[in-house]
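Single-structure report; data block below.
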Amino acid sequence: MAGFDKVVNSYEEAMAGLEDGMTIIAGGFGLCGIPEGLIAQMVKMGKKELTIVSNNCGVDDFGLGLLLHDRQIKKMVSSYVGENALFEKQLLNGELEVELTPQGTLAEKMRAGGAGIPAFYTATGVGTPVADGKEVKQFNGRDYIMEESITGEFAIVRAWKADRYGNLVFRHTAMNFNPMAATAGKITVVEAEEIVEPGELEPSEIHTPGIYVNRVIKANFEKRIERRTVRQD
Amino acid sequence: MAGFDKVVNSYEEAMAGLEDGMTIIAGGFGLCGIPEGLIAQMVKMGKKELTIVSNNCGVDDFGLGLLLHDRQIKKMVSSYVGENALFEKQLLNGELEVELTPQGTLAEKMRAGGAGIPAFYTATGVGTPVADGKEVKQFNGRDYIMEESITGEFAIVRAWKADRYGNLVFRHTAMNFNPMAATAGKITVVEAEEIVEPGELEPSEIHTPGIYVNRVIKANFEKRIERRTVRQD
Amino acid sequence: MALTRDQIAQRVARELQDGYYVNLGIGIPTLVANFIPEGMEVMLQSENGLLGMGPYPTEAELDADMINAGKETVTAAKGAAIFNSAESFAMIRGGHVDLTVLGAFEVDQNGSIASYMIPGKLVKGMGGAMDLVAGAQNIIVTMTHANKHGQSKLLEACTLPLTGVDCVKKIVSDLAVIEVKDGAFHLLERAPGVSIEEIQEKTAGKLVVNGDVPEMVF
Amino acid sequence: MALTRDQIAQRVARELQDGYYVNLGIGIPTLVANFIPEGMEVMLQSENGLLGMGPYPTEAELDADMINAGKETVTAAKGAAIFNSAESFAMIRGGHVDLTVLGAFEVDQNGSIASYMIPGKLVKGMGGAMDLVAGAQNIIVTMTHANKHGQSKLLEACTLPLTGVDCVKKIVSDLAVIEVKDGAFHLLERAPGVSIEEIQEKTAGKLVVNGDVPEMVF
């Protein structure tokens, strides 16, 4: 079934077509569920002036934070970017632009982008700096602001299991933004812990149907923990 | 865990609070995945002037079509209502009102209702009778119409497995509109083939988290087939 | 000779490409699945929430919870995914489906389509058709070139309530294959033995004919 | 005596009801989970996609793929559900979460809250706080009544960029429990040994005191 076999065997193939100035939508929350190898490949390719849409920007030495070292990022669209000294420096220098977006609005903007919905209304951010320049409309006596959807030339996603057709299953809270990111890329690239044959994933348990996915690569992940909290038993 | 045990033991309890003039959002596609017993209870209760939001209106002698016999429905919001002679008669008599809504727009209106999104834009229906009276806005040079969300006093849902907390799993294509309906009711009532204990459903495989669900009742379903098509092997 | 329903489906199937995600409407479009070329793989999307629709079930496989958008009992193909209606139309509306094939009452030379309602008769509803014509990357309409009274269904402007505007890319009728572009019907192929004159006569909208128009071969 | 962080959390826990779905912010709000009254069940929502958050894991249970919205490793409670971020905020924005507890820099007498940004210092971002204050049915803020310079954080009008307008229902500070309604701070309870005068002095916005204000008991 050549037509639906989306597995590629190198990171070069996985990120082929990435160019300066593109918008990349990335799954992950903090360091949880991030496509580590695809980010490393982006660092290696050295493309510049990128717009990255991701809830966070990693830390100084891991995740999307690595793209800051060679100043590859022009603009971040994120809800929280406070884990990262280099980010702070580039932001204050004016080398980096940030568009702070409430977390739920960000998730919905990605979903809307993939779902052909150019804009939606939300009460989130009404009366705050987030509402600046946005259309306000009343529904049932309450104010809402219009938020526009987001799409990208690429989406980079981490999955647990992927089949060759690109059907995806995510593991625990490593799911987070990954399913929305997967829908919003013109080219959606998935890095998976495991690749299985079509038919091995139960159809109703698939989180992301393969129609959204263009390329799949198998990877080993470091899975660094950002805040290691344990209890004594 | 009294606070989260949502299982009720009678259909009277399941539909308690239903009144004349209410809006009820129903899951199901054709006769597939419909909450048969909850519909039967609505027939038994005889409440009138109901607005029913459902992709279809059953057939003459099964599903939501049963609500037509005693003229309980004032208005249907549906994408397709062509399976039903009684429906046709009441519509032509002017006893019944119908708001035809494209299937995808209907699904999205329910989802938006549950998700606190009062309206969204879609290209579906632009230039057609569906666009009449609706705001048109351009994004990237294309026209879109604004569609408002739907919520109801009740949502009635069929699930395959429900746990006592109201977490739901749906079976095959009996899923259809049920997950969206579940989010959009002020009181969401679920009729399930099987009730399991909390912890038996794998957290990442739950289709509808229990937070949306108010009442759960166990049922046996007839599961009538609308178009029985088989192949000879 | 006008094409049979099966021949129309067979001709549409030649528009498929390996790796296509396709939504087939009710009627002739459904038959397209029977003519997928050898060695080519396409995945069928059914808008009630199934990507990877398989054949009808055997008696033993029959399951009331497994239907397609035409409410027929079906099976899931290997590698299928099942999801809710909002997700299903997210894929459709978001342009992820490569091709939609559907029937119509009328198509006009601008690619507008009327397919869901004949005023005066009962309104059955548009189902998923409006979402499909608004969202799919490519839309092919199958229909008879003229109605049973001999009146053309390929018009200068649709007369019935529209399902969508400026969206149909191609028509495979019982008489011809026609591309819809630049405000005209462009004749690409003729049914075997059907003359350009007959097609012209049964096309009310603007028909563009360039040179010799080949006959379809089956 | 001003309340300790634990006492603030303990007092907030008295606002819980059996069967509540609750989202707890970072800091003092997180401690509320330690004081859920005996025999009462509440379910904790973590906005990164977990309904039914359990305790921190043991060393053996530690899993990088199982974190909360504060990026701490956690466990899932029995009966938990895990879902994507869009679904998580559908529940929050849609008003399905009964109670949100979060910290703030400032709250004003109309219930507006500033909690995510101090201009001139680095902008870290609002995370999920704006969605939570816009969507939750009930919002309780925990904070010290005054900052370290003794300046009130309960103001006539917030001075910092807002997280949300007219949304905070109650404040549990180190000095008092205050209801925010009708454009004023209504004093409900005092910390043990803290006088109404001290609270008045540290409340810059309009404070309403009705009769004897009871002391909290721990």
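Just remember, in the structure tokens the first chain shown is A, the second B, etc., residues are 1-based per chain, and ligands are 1-based in the order shown.
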Chain A near chain D within 8 Å: what's each residue's closest atom pair and its distance in Å to one decimal, counting only C-alpha atoms, ordered by chain then ascending residue number, as JSON lines?
{"residue": "A:Phe29", "atom": "CA", "partner": "D:Asn48", "partner_atom": "CA", "distance": 7.2}
{"residue": "A:Gly30", "atom": "CA", "partner": "D:Lys71", "partner_atom": "CA", "distance": 6.6}
{"residue": "A:Cys32", "atom": "CA", "partner": "D:Asp65", "partner_atom": "CA", "distance": 6.0}
{"residue": "A:Gly33", "atom": "CA", "partner": "D:Asp65", "partner_atom": "CA", "distance": 6.8}
{"residue": "A:Ser78", "atom": "CA", "partner": "D:Gly125", "partner_atom": "CA", "distance": 7.8}
{"residue": "A:Ser79", "atom": "CA", "partner": "D:Gly127", "partner_atom": "CA", "distance": 4.6}
{"residue": "A:Tyr80", "atom": "CA", "partner": "D:Gly125", "partner_atom": "CA", "distance": 4.3}
{"residue": "A:Val81", "atom": "CA", "partner": "D:Lys124", "partner_atom": "CA", "distance": 5.1}
{"residue": "A:Gly82", "atom": "CA", "partner": "D:Lys124", "partner_atom": "CA", "distance": 4.3}
{"residue": "A:Glu88", "atom": "CA", "partner": "D:Leu122", "partner_atom": "CA", "distance": 7.0}
{"residue": "A:Leu100", "atom": "CA", "partner": "D:Gly125", "partner_atom": "CA", "distance": 6.1}
{"residue": "A:Thr101", "atom": "CA", "partner": "D:Met126", "partner_atom": "CA", "distance": 7.6}
{"residue": "A:Pro102", "atom": "CA", "partner": "D:Gly127", "partner_atom": "CA", "distance": 5.7}
{"residue": "A:Gln103", "atom": "CA", "partner": "D:Gly128", "partner_atom": "CA", "distance": 4.7}
{"residue": "A:Gly104", "atom": "CA", "partner": "D:Phe89", "partner_atom": "CA", "distance": 5.0}
{"residue": "A:Thr105", "atom": "CA", "partner": "D:Asp131", "partner_atom": "CA", "distance": 7.5}
{"residue": "A:Ala107", "atom": "CA", "partner": "D:Ala86", "partner_atom": "CA", "distance": 5.0}
{"residue": "A:Glu108", "atom": "CA", "partner": "D:Ala86", "partner_atom": "CA", "distance": 5.6}
{"residue": "A:Arg111", "atom": "CA", "partner": "D:Ala86", "partner_atom": "CA", "distance": 7.2}
{"residue": "A:Ala123", "atom": "CA", "partner": "D:Ala134", "partner_atom": "CA", "distance": 6.0}
{"residue": "A:Thr124", "atom": "CA", "partner": "D:Asp131", "partner_atom": "CA", "distance": 5.0}
{"residue": "A:Gly125", "atom": "CA", "partner": "D:Met130", "partner_atom": "CA", "distance": 5.9}
{"residue": "A:Val126", "atom": "CA", "partner": "D:Gly164", "partner_atom": "CA", "distance": 6.9}
{"residue": "A:Gly127", "atom": "CA", "partner": "D:Val165", "partner_atom": "CA", "distance": 6.2}
{"residue": "A:Thr128", "atom": "CA", "partner": "D:Leu162", "partner_atom": "CA", "distance": 5.0}
{"residue": "A:Pro129", "atom": "CA", "partner": "D:Pro161", "partner_atom": "CA", "distance": 6.7}
{"residue": "A:Arg171", "atom": "CA", "partner": "D:Asp65", "partner_atom": "CA", "distance": 6.7}
{"residue": "A:His172", "atom": "CA", "partner": "D:Asp65", "partner_atom": "CA", "distance": 5.8}
{"residue": "A:Thr173", "atom": "CA", "partner": "D:Met66", "partner_atom": "CA", "distance": 5.2}
{"residue": "A:Ala174", "atom": "CA", "partner": "D:Asp65", "partner_atom": "CA", "distance": 5.0}
{"residue": "A:Met175", "atom": "CA", "partner": "D:Asn84", "partner_atom": "CA", "distance": 5.7}
{"residue": "A:Asn176", "atom": "CA", "partner": "D:Asn84", "partner_atom": "CA", "distance": 4.5}
{"residue": "A:Phe177", "atom": "CA", "partner": "D:Ser85", "partner_atom": "CA", "distance": 5.4}
{"residue": "A:Asn178", "atom": "CA", "partner": "D:Asn84", "partner_atom": "CA", "distance": 7.6}
{"residue": "A:Pro179", "atom": "CA", "partner": "D:Asn84", "partner_atom": "CA", "distance": 6.8}
{"residue": "A:Met180", "atom": "CA", "partner": "D:Ala86", "partner_atom": "CA", "distance": 7.3}
{"residue": "A:Lys223", "atom": "CA", "partner": "D:Ala64", "partner_atom": "CA", "distance": 6.1}
{"residue": "A:Arg224", "atom": "CA", "partner": "D:Ala64", "partner_atom": "CA", "distance": 6.8}
{"residue": "A:Ile225", "atom": "CA", "partner": "D:Ala64", "partner_atom": "CA", "distance": 5.5}
{"residue": "A:Glu226", "atom": "CA", "partner": "D:Lys71", "partner_atom": "CA", "distance": 6.4}
{"residue": "A:Arg227", "atom": "CA", "partner": "D:Glu72", "partner_atom": "CA", "distance": 4.7}
{"residue": "A:Arg228", "atom": "CA", "partner": "D:Thr73", "partner_atom": "CA", "distance": 5.7}
{"residue": "A:Thr229", "atom": "CA", "partner": "D:Thr73", "partner_atom": "CA", "distance": 5.4}
{"residue": "A:Val230", "atom": "CA", "partner": "D:Pro57", "partner_atom": "CA", "distance": 5.0}
{"residue": "A:Arg231", "atom": "CA", "partner": "D:Thr58", "partner_atom": "CA", "distance": 5.1}
{"residue": "A:Gln232", "atom": "CA", "partner": "D:Thr58", "partner_atom": "CA", "distance": 6.1}
{"residue": "A:Asp233", "atom": "CA", "partner": "D:Thr58", "partner_atom": "CA", "distance": 6.6}
I need the contact residues of chain B against chain A, so if you could list those with any atom within 7 Å, counting only C-alpha atoms, and return them as a PDB file with N, CA, C and O atoms, in the first residue's frame, that would help.
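Output below, filename selection20.pdb:
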ATOM      1  N   ILE B 117     -17.827  28.519  23.225  1.00  0.00           N
ATOM      2  CA  ILE B 117     -17.552  29.320  22.030  1.00  0.00           C
ATOM      3  C   ILE B 117     -18.900  29.713  21.440  1.00  0.00           C
ATOM      4  O   ILE B 117     -19.604  28.866  20.905  1.00  0.00           O
ATOM      5  N   PRO B 118     -19.293  30.979  21.547  1.00  0.00           N
ATOM      6  CA  PRO B 118     -20.655  31.346  21.157  1.00  0.00           C
ATOM      7  C   PRO B 118     -20.881  31.343  19.651  1.00  0.00           C
ATOM      8  O   PRO B 118     -22.022  31.219  19.217  1.00  0.00           O
ATOM      9  N   ALA B 119     -19.815  31.462  18.877  1.00  0.00           N
ATOM     10  CA  ALA B 119     -19.973  31.487  17.419  1.00  0.00           C
ATOM     11  C   ALA B 119     -18.637  31.236  16.746  1.00  0.00           C
ATOM     12  O   ALA B 119     -17.578  31.452  17.341  1.00  0.00           O
ATOM     13  N   PHE B 120     -18.723  30.768  15.495  1.00  0.00           N
ATOM     14  CA  PHE B 120     -17.522  30.505  14.698  1.00  0.00           C
ATOM     15  C   PHE B 120     -17.855  30.777  13.237  1.00  0.00           C
ATOM     16  O   PHE B 120     -19.025  30.912  12.871  1.00  0.00           O
ATOM     17  N   TYR B 121     -16.831  30.842  12.420  1.00  0.00           N
ATOM     18  CA  TYR B 121     -17.027  31.079  10.989  1.00  0.00           C
ATOM     19  C   TYR B 121     -16.749  29.815  10.184  1.00  0.00           C
ATOM     20  O   TYR B 121     -15.838  29.063  10.511  1.00  0.00           O
ATOM     21  N   THR B 122     -17.563  29.605   9.152  1.00  0.00           N
ATOM     22  CA  THR B 122     -17.367  28.457   8.273  1.00  0.00           C
ATOM     23  C   THR B 122     -17.722  28.850   6.845  1.00  0.00           C
ATOM     24  O   THR B 122     -18.595  29.699   6.622  1.00  0.00           O
ATOM     25  N   PHE B 139     -12.041  36.160   5.172  1.00  0.00           N
ATOM     26  CA  PHE B 139     -10.715  35.859   5.719  1.00  0.00           C
ATOM     27  C   PHE B 139      -9.875  35.360   4.550  1.00  0.00           C
ATOM     28  O   PHE B 139     -10.310  34.468   3.812  1.00  0.00           O
ATOM     29  N   HIS B 172     -17.743   1.789  17.857  1.00  0.00           N
ATOM     30  CA  HIS B 172     -17.715   1.938  16.396  1.00  0.00           C
ATOM     31  C   HIS B 172     -18.383   3.259  15.963  1.00  0.00           C
ATOM     32  O   HIS B 172     -18.242   4.275  16.631  1.00  0.00           O
ATOM     33  N   SER B 204      -6.670   7.349  28.745  1.00  0.00           N
ATOM     34  CA  SER B 204      -6.435   7.967  27.427  1.00  0.00           C
ATOM     35  C   SER B 204      -7.382   7.446  26.359  1.00  0.00           C
ATOM     36  O   SER B 204      -7.370   7.926  25.234  1.00  0.00           O
ATOM     37  N   GLU B 205      -8.169   6.442  26.689  1.00  0.00           N
ATOM     38  CA  GLU B 205      -9.102   5.874  25.699  1.00  0.00           C
ATOM     39  C   GLU B 205     -10.537   6.326  25.944  1.00  0.00           C
ATOM     40  O   GLU B 205     -11.462   5.880  25.278  1.00  0.00           O
TER      41      GLU B 205
END
Expected answer as a count of residues only: helix (DSSP H, G or I) residues in chain C: 39
Strand (DSSP E) residues, from DSSP on the backbone, in range 115-154 of chain D, as a PyMOL selection string: chain D and resi 139-143+154
Would you save the residues of that selection, restricted to N, CA, C and O atoms, as an mmCIF file, in the first residue's frame?
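out-v3.cif, freshly written:
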data_model
loop_
_atom_site.group_PDB
_atom_site.id
_atom_site.type_symbol
_atom_site.label_atom_id
_atom_site.label_comp_id
_atom_site.auth_asym_id
_atom_site.auth_seq_id
_atom_site.Cartn_x
_atom_site.Cartn_y
_atom_site.Cartn_z
ATOM 1 N N ILE D 139 -14.632 31.509 41.158
ATOM 2 C CA ILE D 139 -13.202 31.777 41.204
ATOM 3 C C ILE D 139 -12.818 32.314 42.569
ATOM 4 O O ILE D 139 -13.363 33.323 43.034
ATOM 5 N N ILE D 140 -11.893 31.627 43.231
ATOM 6 C CA ILE D 140 -11.363 32.071 44.511
ATOM 7 C C ILE D 140 -9.893 32.423 44.319
ATOM 8 O O ILE D 140 -9.137 31.647 43.726
ATOM 9 N N VAL D 141 -9.516 33.580 44.821
ATOM 10 C CA VAL D 141 -8.118 33.990 44.758
ATOM 11 C C VAL D 141 -7.484 33.826 46.138
ATOM 12 O O VAL D 141 -8.078 34.183 47.157
ATOM 13 N N THR D 142 -6.281 33.247 46.145
ATOM 14 C CA THR D 142 -5.491 33.206 47.378
ATOM 15 C C THR D 142 -4.304 34.139 47.193
ATOM 16 O O THR D 142 -3.649 34.124 46.140
ATOM 17 N N MET D 143 -4.045 34.965 48.236
ATOM 18 C CA MET D 143 -2.866 35.833 48.154
ATOM 19 C C MET D 143 -2.639 36.492 49.515
ATOM 20 O O MET D 143 -3.503 36.420 50.394
ATOM 21 N N LEU D 154 -5.662 44.575 47.457
ATOM 22 C CA LEU D 154 -7.108 44.631 47.213
ATOM 23 C C LEU D 154 -7.450 46.080 46.892
ATOM 24 O O LEU D 154 -7.578 46.915 47.788
#
Residues within 8 Å of range 180-197 of chain C, only C-alpha atoms, excluding chain neighbours under 3 positions, as a list in words: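 Using only C-alpha atoms, the neighbours found are Met1, Ala2, Leu3, Gln109, Asn110, Gly111, Val168, Lys169, Lys170, Ile171, Asp174, Leu175, Ala176, Val177, Gln200, Glu201, Gly205, Lys206, Leu207, Val208, Val209, Asn210, Val213, Pro214, Glu215, Met216 and Val217 of chain C.
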With N, CA and C atoms retained, write the just-selected residues as a PDB file, in the first residue's frame.
ATOM      1  N   MET C   1     -23.778   5.855 -27.363  1.00  0.00           N
ATOM      2  CA  MET C   1     -24.571   5.275 -26.254  1.00  0.00           C
ATOM      3  C   MET C   1     -24.250   5.985 -24.935  1.00  0.00           C
ATOM      4  N   ALA C   2     -25.282   6.391 -24.261  1.00  0.00           N
ATOM      5  CA  ALA C   2     -25.067   6.978 -22.935  1.00  0.00           C
ATOM      6  C   ALA C   2     -24.417   5.938 -22.023  1.00  0.00           C
ATOM      7  N   LEU C   3     -23.592   6.409 -21.099  1.00  0.00           N
ATOM      8  CA  LEU C   3     -22.932   5.504 -20.158  1.00  0.00           C
ATOM      9  C   LEU C   3     -23.959   4.918 -19.187  1.00  0.00           C
ATOM     10  N   GLN C 109     -22.256  26.789 -15.045  1.00  0.00           N
ATOM     11  CA  GLN C 109     -20.947  26.963 -15.696  1.00  0.00           C
ATOM     12  C   GLN C 109     -19.916  27.646 -14.795  1.00  0.00           C
ATOM     13  N   ASN C 110     -20.366  28.168 -13.659  1.00  0.00           N
ATOM     14  CA  ASN C 110     -19.419  28.699 -12.667  1.00  0.00           C
ATOM     15  C   ASN C 110     -19.056  27.666 -11.603  1.00  0.00           C
ATOM     16  N   GLY C 111     -19.611  26.473 -11.731  1.00  0.00           N
ATOM     17  CA  GLY C 111     -19.282  25.428 -10.781  1.00  0.00           C
ATOM     18  C   GLY C 111     -20.186  25.410  -9.562  1.00  0.00           C
ATOM     19  N   VAL C 168     -17.589  23.060  -8.058  1.00  0.00           N
ATOM     20  CA  VAL C 168     -17.468  21.830  -8.838  1.00  0.00           C
ATOM     21  C   VAL C 168     -16.345  21.983  -9.867  1.00  0.00           C
ATOM     22  N   LYS C 169     -15.441  21.002  -9.911  1.00  0.00           N
ATOM     23  CA  LYS C 169     -14.304  21.072 -10.827  1.00  0.00           C
ATOM     24  C   LYS C 169     -14.541  20.235 -12.080  1.00  0.00           C
ATOM     25  N   LYS C 170     -15.300  19.153 -11.928  1.00  0.00           N
ATOM     26  CA  LYS C 170     -15.465  18.243 -13.054  1.00  0.00           C
ATOM     27  C   LYS C 170     -16.839  17.580 -12.969  1.00  0.00           C
ATOM     28  N   ILE C 171     -17.384  17.249 -14.137  1.00  0.00           N
ATOM     29  CA  ILE C 171     -18.653  16.521 -14.203  1.00  0.00           C
ATOM     30  C   ILE C 171     -18.425  15.278 -15.043  1.00  0.00           C
ATOM     31  N   ASP C 174     -23.638  10.963 -18.074  1.00  0.00           N
ATOM     32  CA  ASP C 174     -23.803   9.777 -18.921  1.00  0.00           C
ATOM     33  C   ASP C 174     -23.346  10.024 -20.360  1.00  0.00           C
ATOM     34  N   LEU C 175     -23.115  11.293 -20.705  1.00  0.00           N
ATOM     35  CA  LEU C 175     -22.721  11.620 -22.076  1.00  0.00           C
ATOM     36  C   LEU C 175     -21.283  12.114 -22.220  1.00  0.00           C
ATOM     37  N   ALA C 176     -20.729  12.664 -21.142  1.00  0.00           N
ATOM     38  CA  ALA C 176     -19.455  13.360 -21.328  1.00  0.00           C
ATOM     39  C   ALA C 176     -18.686  13.542 -20.025  1.00  0.00           C
ATOM     40  N   VAL C 177     -17.387  13.819 -20.197  1.00  0.00           N
ATOM     41  CA  VAL C 177     -16.567  14.308 -19.096  1.00  0.00           C
ATOM     42  C   VAL C 177     -16.313  15.786 -19.372  1.00  0.00           C
ATOM     43  N   GLN C 200     -23.752  19.142 -27.082  1.00  0.00           N
ATOM     44  CA  GLN C 200     -24.018  20.571 -27.187  1.00  0.00           C
ATOM     45  C   GLN C 200     -25.505  20.856 -26.965  1.00  0.00           C
ATOM     46  N   GLU C 201     -26.323  20.028 -27.583  1.00  0.00           N
ATOM     47  CA  GLU C 201     -27.769  20.217 -27.530  1.00  0.00           C
ATOM     48  C   GLU C 201     -28.294  20.055 -26.100  1.00  0.00           C
ATOM     49  N   GLY C 205     -25.744  25.528 -20.545  1.00  0.00           N
ATOM     50  CA  GLY C 205     -24.718  26.527 -20.248  1.00  0.00           C
ATOM     51  C   GLY C 205     -23.717  26.616 -21.391  1.00  0.00           C
ATOM     52  N   LYS C 206     -22.725  27.468 -21.213  1.00  0.00           N
ATOM     53  CA  LYS C 206     -21.712  27.694 -22.242  1.00  0.00           C
ATOM     54  C   LYS C 206     -20.772  26.488 -22.334  1.00  0.00           C
ATOM     55  N   LEU C 207     -20.739  25.875 -23.507  1.00  0.00           N
ATOM     56  CA  LEU C 207     -19.884  24.700 -23.708  1.00  0.00           C
ATOM     57  C   LEU C 207     -18.694  25.075 -24.582  1.00  0.00           C
ATOM     58  N   VAL C 208     -17.503  24.735 -24.139  1.00  0.00           N
ATOM     59  CA  VAL C 208     -16.299  24.995 -24.927  1.00  0.00           C
ATOM     60  C   VAL C 208     -15.801  23.661 -25.478  1.00  0.00           C
ATOM     61  N   VAL C 209     -15.661  23.614 -26.801  1.00  0.00           N
ATOM     62  CA  VAL C 209     -15.184  22.398 -27.446  1.00  0.00           C
ATOM     63  C   VAL C 209     -13.889  22.715 -28.174  1.00  0.00           C
ATOM     64  N   ASN C 210     -12.829  22.032 -27.812  1.00  0.00           N
ATOM     65  CA  ASN C 210     -11.543  22.281 -28.462  1.00  0.00           C
ATOM     66  C   ASN C 210     -11.128  21.103 -29.317  1.00  0.00           C
ATOM     67  N   VAL C 213     -12.733  15.777 -29.820  1.00  0.00           N
ATOM     68  CA  VAL C 213     -12.936  15.347 -28.434  1.00  0.00           C
ATOM     69  C   VAL C 213     -12.942  13.827 -28.410  1.00  0.00           C
ATOM     70  N   PRO C 214     -11.986  13.225 -27.704  1.00  0.00           N
ATOM     71  CA  PRO C 214     -11.872  11.764 -27.735  1.00  0.00           C
ATOM     72  C   PRO C 214     -13.082  11.059 -27.102  1.00  0.00           C
ATOM     73  N   GLU C 215     -13.336   9.853 -27.588  1.00  0.00           N
ATOM     74  CA  GLU C 215     -14.353   9.019 -26.950  1.00  0.00           C
ATOM     75  C   GLU C 215     -13.735   8.272 -25.781  1.00  0.00           C
ATOM     76  N   MET C 216     -14.551   8.068 -24.751  1.00  0.00           N
ATOM     77  CA  MET C 216     -14.083   7.241 -23.638  1.00  0.00           C
ATOM     78  C   MET C 216     -13.969   5.798 -24.097  1.00  0.00           C
ATOM     79  N   VAL C 217     -13.013   5.091 -23.535  1.00  0.00           N
ATOM     80  CA  VAL C 217     -12.842   3.672 -23.853  1.00  0.00           C
ATOM     81  C   VAL C 217     -13.022   2.858 -22.572  1.00  0.00           C
TER      82      VAL C 217
END
Exercise: range 6-12 of chain A partners within 8 Å, only C-alpha atoms, chain neighbours under 3 positions left out, as a list of chain:residue names: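 After dropping sequence-adjacent residues, the list is A:Met15, A:Ala16, A:Gly37, A:Leu38, A:Gln41, A:Arg164, A:Tyr165, A:Gly166, A:Val213, A:Asn214, A:Arg215, A:Val216, A:Ile217, A:Lys218.
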Distance of CA of Met43 in chain D from CA of Ala9 in chain D, expressed in Å to one decimal place: 16.4 Å
Interatomic distance, CA of Gly39 in chain C to CA of Glu191 in chain A (Å, one decimal):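 The value is 28.5 Å.
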Atom pair CA of Asp18 in chain D / CA of Glu193 in chain B: separation (Å):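 Computing the Euclidean distance for CA of Asp18 in chain D and CA of Glu193 in chain B yields 27.4 Å.
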Spatial neighbours of Ala85 in chain A, 9 Å, only C-alpha atoms, chain gap at least 5 places, as a ChimeraX atom specification: /A:59-60,90
Near-range 29-36 of chain D list (8 Å; only C-alpha atoms; drop same-chain fewer than 3 positions) as a VMD selection string: chain D and resid 6 9 to 10 12 to 14 16 24 to 26 40 to 42 101 to 103 142
All residues 7 Å or closer to Lys75 in chain A, only C-alpha atoms, same chain fewer than 6 positions away omitted, as a ChimeraX atom specification: /A:50-52,96-98
